[in-house]
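*Asks:* My structure is below; once you've seen it, I'll send some questions.
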Amino acid sequence: MEEQKPPAARKSRLIVRLGSFLVSHSAFVSVICCVAGCIALLLLPVLAKNTYVSENALMPGSANPMFSNQDVLEANRFVKDIYEKRILKDGSGMEIARLIGKHMEDVGAEVYFHKFKYHNLRFHPLCFFSSTPRTAVLQNSSACTLNGVSPVGIIRAPRGDGKESFVLVTPYNSENIKWNEALSLGLAYSVFSLLSRVVWLAKDIVWLAADSRYGEYTSVASWLKDYHNPIFSSDSGKIGIDMCFEKTENHVEDESSFDGAAYDDFKRAGTMAAALVVKVMDKERSERDRVDIYAEASNGQMPNLDLINIVHYLAVHRQGLHVRVGTFGFLINSVLLKHVGKTLQRLTRLAESLNPGWKLGVNSADFVEGTATLASSMYYQALGVPTGPHGAFRDFQIDAITMELSPRTSLTNDNGISSFLLRGGRLIEGVIRSVNNLLEKFHQSFFLYFLTAPNKFVSVGVYMIAFALLVAPLPIVAAALFSSTANARSLTAISNSKPTNSKPVTRSGSWNWLHSAKLVFLVHLWAVIVSLLPYFISQVPHTNSTTSMLSWSLSSLLILYLLTRVTKSYIEGYQWEVLKSVMIAAASIGLSLMSIINFSTAQVGSMLLVPMCLMVRPLKQPIQVSFFLAALLKILNILLAVVAFPPASLAILKGCLRGFESINIGDFWEWSEFLWAWNSATYLFVALVHLPCWYLCVHILLHN
C-alpha cells in the first residue's frame with residue numbers, strides 16, 4: 001500500500017511543479033502577463049468608483065452657513081485697505097504685513113510675525129537621506145528687505161482644549177501684491193473674522209498669510225519647520241519685528257502705537273488636524289465659478305480622500321461651483337484614445353445586450369476624460385514634487401489641499417465678485433465646520449489612490465493589479481534564462497567529456513553567473529557616480545543648462561570608459577543570457593523597492609523597463625522565426641532602446657505637452673535639477689535603476 005505524504009509535502013510539491021511550469025513556458029507567461037497588465041491599466045478609468053464620505057462625523061453641509069453679505073462687505077473693505085497701502089507706501093511689503101497683523105488683532109486673535117530667510121537650492125548628495133530643510137530661520141541679520149515676514153493669527157476655540165487646530169493659508173507676494181492675492185487675503189480675513197465670533201468652534205484656527213516673495217512653498221515650509229522644531233537661541237543677533245516696522249512720516253496716530261517687540265514670540269496652537277490653502281485666481285472664463293483642487297504632495301503622497309470629498313460635496317451640492325482636478329489636454333484631443341473609448345462603449349453595450357444584469361455603462365467621452373485625468377494624477381504623483389504649498393503639510397503627516405477659486409467674471413466686476421466671495425466664504429466655512437466635527441485624525445478613507453474625476457477614484461487595491469501583472473514575468477524570465485544556460489553548459493560538458501576519463505563532471509560552471517554579476521555591479525557603480533556628478537557640475541560658475549548637460553554627458557561617458565578599462569579582466573567571460581537574467585533580477589528588485597517609496601514612479605517605470613528587459617537580445621543573434629517576425633523584433637528592440645533613454649523619454653513627454661519645437665538639449669538637466677531640489681525619489685530611480693538597466697540592454701543589443 002502506497003504511503004500517503006503529509007499535506008505540507010504535497011503542497012510544496014505542487015508549488016515546485018507550478019514553478020517549473022511557469023519557467024518552462026516563460027515566453028508565453030510573459031506575453032499573457034504584459035498584455036493583461038496593459039489592458040488592466042487601460043481599464044482603470046472604467047473601474048473607477050464614485051467618491052463618498054467615509055467618516056460619518058464630518059457631516060458636510062449639515063448646518064446652515066453663517067457667512068453672509070456683511071462678511072463680503074468686510075472682505076471688500078479689507079481688499080481696498082491693502083491696495084491703498086500698496087499705492088501710497090514705499091516698501092509696501094512690511095506695511096501690508098503690518099496691516100494684516102493689525103486686522104488680526106482687531107478680531108481678538110493672538111498675532112505674531114514669522115521671519116524666515118530663503119537660501120538658494122543646490123544639489124547635495126546627502127539631501128535624499130536626511131531631512132535637510134529647504135529654508136532656514138532668519139538669524140544674525142538685520143536686512144528685513146532680504147527676508148520674508150508672514151503674519152500669523154490664532155483664534156482660540158471657546159469649546160476646545162487647545163490640543164487641535166485647523167490651518168488656513170493664503171499666499172501673497174509682499175513686494176508686488178496683485179489684485180487676486182488681495183482678494184485671497186480679503187476672503188480669508190472675512191472667514192477668520194466670522195470664526196472669531198462663532199460659539200461652535202472646538203479647534204483652534206490658525207491663519208497664515210504666507211509671504212511668497214521667494215515662493216509659496218518656501219514660507220509655508222519654513223513656518224511648519226519652526227512650528228514643529230522650536231529653536232531656542234539668545235536674543236543677541238535676533239531681529240525684532242519692530243526693526244522691520246520702522247516709524248515713517250506717513251504713519252497715522254493709531255499705527256504709531258504698534259509695538260513690534262510684542263509680536264516676536266512664536267505662538268502655537270494644537271496639533272494640526274488639516275490645512276487648507278486658498279488662492280483666488282484670474283484664469284480663463286467659464287459659465288460658472290470654478291474650484292481647482294490640487295492634492296499631490298512630495299513623492300506621491302496624497303491627503304486623505306475624505307478631505308477632497310467634503311470640498312467636492314460642499315462646492316457642487318451646496319454652492320453650485322464647478323470642480324476640476326488636473327488633466328492632460330493633449331490626451332483629451334487624442335484621436336486614438338477616442339477610438340479606444342468608442343470601441344469600449346460598443347463592447348459594453350454588446351455585453352449588456354447579452355446579459356442585462358451587467359451594468360457596465362462605459363461612455364466614450366467619460367472614458368477619454370477619465371484617462372486624461374488619470375494620466376495627470378499618475379504623472380504628478382510619479383514626479384514626486386508637490387503641486388502647491390499644501391505639500392509642506394503632508395511632509396508632517398498633515399492632510400492638506402490647495403483650492404484655487406476662479407470667478408466666472410472679471411475680478412474688477414463688483415457684483416460678480418461679491419457673489420463669488422459669498423460662495424467661496426461659505427465653502428471655506430463648510431470645510432472648517434466639517435473638520436471641526438472630527439474627534440480624531442483622518443483615517444477612514446483612502447491615502448493611496450488615483451483620481452479619474454473630481455468625484456471618481458481608483459483605489460490601491462485596483463491599480464496595483466496592473467503593476468503586479470507587468471512585474472510578474474521578470475523573476476520568471478530570469479529563472480528561465482539562468483536554468484536554460486545552466487542546462488546547456490551541463491550538456492556541453494557531458495558531450496565533450498571523454499569515455500576514458502573517470503573523473504566526474506565538475507559544477508564549477510554553475511558559478512559563471514558571477515562574471516555577469518560583476519558587470520551589473522560595475523554598471524550600477526557607474527550609475528551612482530553619475531547621480532553624484534551634478535553636485536560638482538553645479539559648483540562651476542557661469543554655466544547654463546545646455547553646457548551643464550553636455551558636461552554631465554561627457555564626464556559620464558569618460559568615467560564609464562575608465563571603469564571598463566580598469567576592470568576589463570574581471571568582467572570577461574560572461575554570456576548574454578546570464579547577463580540578461582541578472583539584469584532582470586536587478587530591475588525587478590529596483591521596481592519592487594520603488595513601489596514602496598512611490599508607487600506611481602514604479603508604475604510608470606515598469607511601462608518602459610519591463611518590455612525592454614523582456615524583449616532585449618543581441619541584434620546579431622539569429623532567431624528561428626520567419627524573416628518578417630525577426631525584423632519586427634529587432635525594430636522593436638531598437639525603438640524601445642531609443643524611447644527608454646531617459647533624456648529621450650523626457651523629450652517625447654515635453655513634445656506631447658508643450659510641442660516638439662520647445663525641446664532643448666538642457667531640458668533633462670533642468671528636469672533633474674528640479675527633482676533634486678525637491679528631494680524627489682524619482683531622481684534616484686532614474687539614476688540608479690532605470691539608467692543602468694537601459695545601458696545593460698543596449699550592451700546586450702550590441703553583444704557580438
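Each chain in the C-alpha cells gets a letter, A, B, ..., in the order shown, and its residues are numbered from 1; ligands are numbered from 1 in order too.
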As number ranges by chain, please: every residue in region 339-546 of chain A that a backbone DSSP assignment puts in alpha helix (DSSP H).
*Replies:* A: 339-354, 364-383, 391-394, 414-436, 460-471, 473-496, 513-537, 545-546
*Asks:* If we count only C-alpha atoms and set the cut-off at 7 Å, which residues sit around region 215-220 of chain A, ignoring sequence neighbours fewer than 3 positions away in its own chain? Please answer as a VMD selection string.
*Replies:* chain A and resid 135 171 210 to 212 223 to 224 388 to 389 392
*Asks:* Take the residues from that selection and put them in a file with C-alpha atoms, as a tab-separated table (two decimals), in the first residue's frame.
*Replies:*
chain	number	residue	atom	x	y	z
A	135	THR	CA	14.62	77.05	4.21
A	171	PRO	CA	-0.07	83.17	-0.03
A	210	ALA	CA	2.31	83.44	3.78
A	211	ASP	CA	4.83	85.89	2.32
A	212	SER	CA	5.51	84.26	-1.05
A	223	TRP	CA	6.79	78.14	9.26
A	224	LEU	CA	5.93	74.45	9.65
A	388	GLY	CA	1.26	73.57	-4.29
A	389	PRO	CA	2.20	74.80	-0.80
A	392	ALA	CA	4.70	71.12	3.02
*Asks:* Pick the closest to Leu451 (chain A) from A:Pro303, A:Gly370, A:Pro541, A:Pro618: which is it, counting only C-alpha atoms?
*Replies:*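 Going through A:Pro303, A:Gly370, A:Pro541, A:Pro618 one by one, the smallest distance to Leu451 (chain A) is for A:Gly370.
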*Asks:* Mind pulling up the distance from CA of Val291 (chain A) to CA of Asn180 (chain A)?
*Replies:* 14.4 Å
*Asks:* Give the answer as one residue: which of A:Tyr112, A:Trp671, A:Trp694, A:Phe330 has the shortest atom-to-atom distance to Ser376 (chain A), using only C-alpha atoms?
*Replies:*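 Of all the options, A:Phe330 lies closest to Ser376 (chain A).
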*Asks:* If we count only C-alpha atoms, what is near Thr567 (chain A) at a cut-off of 12 Å, once residues fewer than 4 positions away on the same chain are taken out, given as a list of chain:residue names?
*Replies:*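 That gives A:His515, A:Lys518, A:Leu519, A:Phe521, A:Leu522, A:Val523, A:Leu560, A:Tyr561, A:Leu562, A:Leu563, A:Ile571, A:Glu572.
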*Asks:* Which of these, A:Gly19, A:Leu657, A:Ser150, A:Leu591, has the shortest distance to Ile332 (chain A) once you count only C-alpha atoms?
*Replies:*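 Of A:Gly19, A:Leu657, A:Ser150, A:Leu591, the one nearest Ile332 (chain A) is A:Leu657, counting only C-alpha atoms.
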*Asks:* Which residue is closest to Val610 (chain A)? Choose from A:Val29, A:Ile155, A:Val471, A:Asp282 and count only C-alpha atoms.
*Replies:*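 Among the listed residues, the smallest separation from Val610 (chain A) belongs to A:Val471.
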*Asks:* Do a neighbour search on region 190-193 of chain A at 9 Å with only C-alpha atoms, toss out local chain neighbours closer than 5 positions, and write the hits as a list in words.
*Replies:* Phe67, Asp71, Val72, Leu73, Glu74, Ala75, Phe78, Met104, Val107, Gly108, Ile155, Leu168, Leu185, Ile205, Val206, Trp207, Gly425, Arg426, Ile428 and Glu429 of chain A
*Asks:* Counting only C-alpha atoms, which residue out of A:Leu314, A:Ala209, A:Ala478, A:Leu337 sits closest to Ile589 (chain A)?
*Replies:*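 So, comparing all the options, the nearest one is A:Ala478.
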*Asks:* Find the residues around Ala182 (chain A) up to 10 Å (only C-alpha atoms counted), leave out those fewer than 6 positions away in its own chain, and share them as a ChimeraX atom specification.
*Replies:* /A:75-76,78-83,170-173,188,279-280
*Asks:* Can you write out the residues you just picked, keeping N, CA and C atoms, as a short mmCIF file (atom, residue, chain, number, x, y, z; two decimals), in the first residue's frame?
*Replies:*
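As written to disk, part.cif reads:
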data_model
loop_
_atom_site.label_atom_id
_atom_site.label_comp_id
_atom_site.auth_asym_id
_atom_site.auth_seq_id
_atom_site.Cartn_x
_atom_site.Cartn_y
_atom_site.Cartn_z
N ALA A 75 -14.85 91.86 3.61
CA ALA A 75 -13.74 91.41 2.76
C ALA A 75 -13.38 92.47 1.74
N ASN A 76 -14.38 93.12 1.13
CA ASN A 76 -14.10 94.17 0.15
C ASN A 76 -13.38 95.36 0.77
N PHE A 78 -11.40 95.24 3.34
CA PHE A 78 -10.03 94.82 3.63
C PHE A 78 -9.17 94.84 2.36
N VAL A 79 -9.76 94.42 1.23
CA VAL A 79 -9.03 94.42 -0.04
C VAL A 79 -8.67 95.86 -0.43
N LYS A 80 -9.58 96.79 -0.25
CA LYS A 80 -9.30 98.19 -0.59
C LYS A 80 -8.22 98.77 0.31
N ASP A 81 -8.23 98.39 1.60
CA ASP A 81 -7.18 98.86 2.51
C ASP A 81 -5.81 98.36 2.06
N ILE A 82 -5.75 97.13 1.61
CA ILE A 82 -4.47 96.57 1.15
C ILE A 82 -3.98 97.31 -0.07
N TYR A 83 -4.87 97.59 -1.00
CA TYR A 83 -4.44 98.26 -2.22
C TYR A 83 -4.09 99.73 -1.97
N THR A 170 -3.08 81.65 3.08
CA THR A 170 -3.30 82.49 1.90
C THR A 170 -1.97 83.10 1.49
N PRO A 171 -1.35 82.59 0.42
CA PRO A 171 -0.07 83.17 -0.03
C PRO A 171 -0.29 84.50 -0.73
N TYR A 172 0.70 85.39 -0.59
CA TYR A 172 0.67 86.67 -1.30
C TYR A 172 2.10 87.17 -1.45
N ASN A 173 2.36 87.86 -2.53
CA ASN A 173 3.68 88.44 -2.80
C ASN A 173 3.75 89.81 -2.15
N ALA A 188 -10.02 85.30 3.13
CA ALA A 188 -9.57 84.61 4.34
C ALA A 188 -9.84 85.44 5.59
N LYS A 279 -6.50 80.21 -2.69
CA LYS A 279 -6.00 81.20 -3.63
C LYS A 279 -7.10 81.59 -4.60
N VAL A 280 -7.26 82.88 -4.82
CA VAL A 280 -8.17 83.38 -5.85
C VAL A 280 -7.36 83.60 -7.11
#
*Asks:* By how many Å are CA of Tyr313 (chain A) and CA of Asp414 (chain A) apart?
*Replies:* 27.2 Å
*Asks:* In Å, with one decimal, what is the gap from CA of Ala468 (chain A) to CA of Thr485 (chain A)?
*Replies:*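 CA of Thr485 (chain A) lies 26.9 Å from CA of Ala468 (chain A).
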*Asks:* Might you pull out every residue within 9 Å of Arg408 (chain A), with only C-alpha atoms counted and same-chain residues fewer than 2 positions away left off, and present them as a list in words?
*Replies:* Lys283, Glu284, Arg285, Ser286, Glu287, Arg288, Asp289, Arg290, Ser406, Ser410, Leu411, Gly416, Ile417 and Phe420 of chain A
*Asks:* Which residue is closest to Leu702 (chain A)? Choose from A:Phe367, A:Phe457, A:Trp576, A:Phe685 and count only C-alpha atoms.
*Replies:*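 Of the candidates, the smallest distance to Leu702 (chain A) is held by A:Trp576.
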*Asks:* Enumerate, as number ranges by chain, the complete set of residues in region 405-481 of chain A that a backbone-based DSSP assignment places in strand (DSSP E).
*Replies:* A: 405-406, 449-453, 456-459
